[in-house]
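The next block holds one structure in the form of structure tokens; read it before the comments.
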There are 2 protein chains.
Amino acid sequence: MSDDAMDLRARNKQATREAISHAALRLAIEQGPHGLALVRVHDIATAAGVSPRTYNNYFSSREEAICSFQADQSRRAGKALRSRPADEPLDQAVIAAVIELYTDPEPDKAGLRMIMSTPELEGEALKAFTMAEGPLAEAIAARTGTDAGRDLFPAVTAAAVAGAIRVAGRHWLAPGNTESFAAILRRALSCVVPATSPEDPQDQ
Amino acid sequence: MSDDAMDLRARNKQATREAISHAALRLAIEQGPHGLALVRVHDIATAAGVSPRTYNNYFSSREEAICSFQADQSRRAGKALRSRPADEPLDQAVIAAVIELYTDPEPDKAGLRMIMSTPELEGEALKAFTMAEGPLAEAIAARTGTDAGRDLFPAVTAAAVAGAIRVAGRHWLAPGNTESFAAILRRALSCVVPATSPEDPQDQ
DNA sequence: TCACAACATGCGCGTCACGCATATAGTGCG
DNA sequence: CGCACTATATGCGTGACGCGCATGTTGTGA
């Protein structure tokens, strides 16, 4: 839907961006969590078919490029929640939105494992997951009629949801796990969203 | 308490570590959130009275050095919760522990503002806050009798608490705010901890 | 078709993280 | 108390990186 709405410039730009990001993640996965230092900028750029300088026009670090897909995913969280029916209770809406967002295609386990189990990527990975909080908070505020600027509830809930997603991902990747990501997500989110009763005022 | 329990080596080591961390934060604050690039490794090392090479023996990046104090703070979260009376309900224990931990001395507003409003520090700042989650999850698991390895509840709650602390800090730093940090913390934590009824089983 | 804007690329500089070798200081034992 | 040992501090050299700047190339709009 967005491809047609963009002019050639924007489409090429997004294409190269995705090419770089994809190449970076692929090379990182090839080397594994312990060989990230071996993934050189030159390799990423070459694999993406661009110059090293161009790579730096899109990303200012390998970590950012590698985690870019997760950041994009997180950015869609607000929209996902807004697209839920307005009469749906907050907890159900959040759970449904998140599960839909994170299981439309089942996430790439190798990619997720890479960014979540590589120490050097920890900071960027956290940034990526945290990017969901802003839009999520606004969507929650809109749904609950609260003010995202004044009340703490929307931002705190958004942070809790983002944290639950992160923990769910970690659990999903744990060795010996057989559950589906959707099931784990539902359980994790149940720990945080229903707890906050909608009619309990936070203001004052 | 810990100073006497350490030999000279360990005490010197911690002293230099703190000297470097303190110098890094001070210099960063002097330049402000928009001048982080001007804080050179050489300056930090000189201000701390060590060689640049020694600085790198303690921290592998300026960001890590600057956010070190916050990371240390977060590491104490587990101990703070464990030191609460065992018969205290989880929600009250968490709130009391966090408030005590974060207001024993009122936190340095300039330092917190630095690490929370500087884009280049975002990753490290998130890592620093996230460091509370592990110990917190174990303390919560111990208190609720759940297994931190199997159940999602401890880890999810810990992540939610850490997120609430982070949001509370942001709110406390917001321009025009007059509330005490303790009050904001209490409100933020109230959005996540009481929600999870202790008698509601998460397993299955 | 043409002038303009946006993007890709090459080059060069300053900085950084870190391995290695060496000097120095703290520790434990005879 | 002095000595061997280990941990830490420092200097040096190297490879890689981020980014400003200038230039070529490719869409865009009149």
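Identifiers in the structure tokens: chain A, B, ... in order shown; residue index from 1 per chain; ligand index from 1 in order shown.
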Neighbour list for Glu63 in chain B as a list of chain:residue names, cut-off 10 Å, only C-alpha atoms (C1' of nucleotides), skip fewer than 6 positions in-chain: B:Ser21, B:Ala24, B:Leu25, B:Ala28, B:Leu36, B:Ile115, B:Glu120, B:Leu121, B:Glu122, B:Gly123, B:Glu124, B:Ala125
Which of range 7-39 of chain A end up as helix (DSSP H, G or I) when DSSP is run on this backbone - answer as an MDAnalysis selection string? chainID A and resid 8:31 36:38
Could you state the separation of CA of Asp108 in chain A and CA of Ala182 in chain A in Å, given to one decimal place?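 Separating CA of Asp108 in chain A from CA of Ala182 in chain A is a distance of 13.7 Å.
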Near chain D, meaning an atom within 8 Å, which residues of chain A appear when counting only C-alpha atoms (C1' of nucleotides)? Write them as a tab-separated table (two decimals) with N, CA and C atoms, in the first residue's frame.
chain	number	residue	atom	x	y	z
A	8	LEU	N	9.54	7.52	-6.97
A	8	LEU	CA	10.68	6.65	-7.25
A	8	LEU	C	11.79	6.85	-6.23
A	9	ARG	N	12.08	8.11	-5.93
A	9	ARG	CA	13.13	8.43	-4.95
A	9	ARG	C	12.94	7.66	-3.66
A	56	ASN	N	26.78	4.32	5.42
A	56	ASN	CA	26.81	5.25	6.53
A	56	ASN	C	25.80	6.38	6.38
A	60	SER	N	24.31	4.64	11.17
A	60	SER	CA	25.56	5.17	11.72
A	60	SER	C	26.30	4.12	12.54
Taking only C-alpha atoms into account, which residues of chain A are within 7 Å of chain B, as a list of chain:residue names?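 My answer is A:Gly123, A:Glu124, A:Leu126, A:Lys127, A:Leu152, A:Phe153, A:Ala155, A:Val156, A:Ala159, A:Ala160, A:Gly163, A:Ala164, A:Val167, A:Ala188, A:Cys191, A:Val192, A:Pro194, A:Ala195, A:Thr196.
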Restrict the distance test to only C-alpha atoms (C1' of nucleotides), flag each residue of chain A within 7 Å of chain C, and return the flagged residues as a VMD selection string. chain A and resid 51 53 to 54
Export of the given selection (N, CA and C atoms) as a short mmCIF file (atom, residue, chain, number, x, y, z; two decimals), in the first residue's frame:
data_model
loop_
_atom_site.label_atom_id
_atom_site.label_comp_id
_atom_site.auth_asym_id
_atom_site.auth_seq_id
_atom_site.Cartn_x
_atom_site.Cartn_y
_atom_site.Cartn_z
N SER A 51 28.03 1.43 -1.72
CA SER A 51 29.35 1.80 -1.24
C SER A 51 29.33 1.91 0.29
N ARG A 53 30.37 4.20 2.05
CA ARG A 53 29.93 5.54 2.42
C ARG A 53 28.41 5.65 2.41
N THR A 54 27.80 4.99 1.46
CA THR A 54 26.34 5.02 1.37
C THR A 54 25.71 4.31 2.55
#
May I ask for the distance between CA of Gln14 in chain B and CA of Asp43 in chain B, given in Å to one decimal place? 19.9 Å
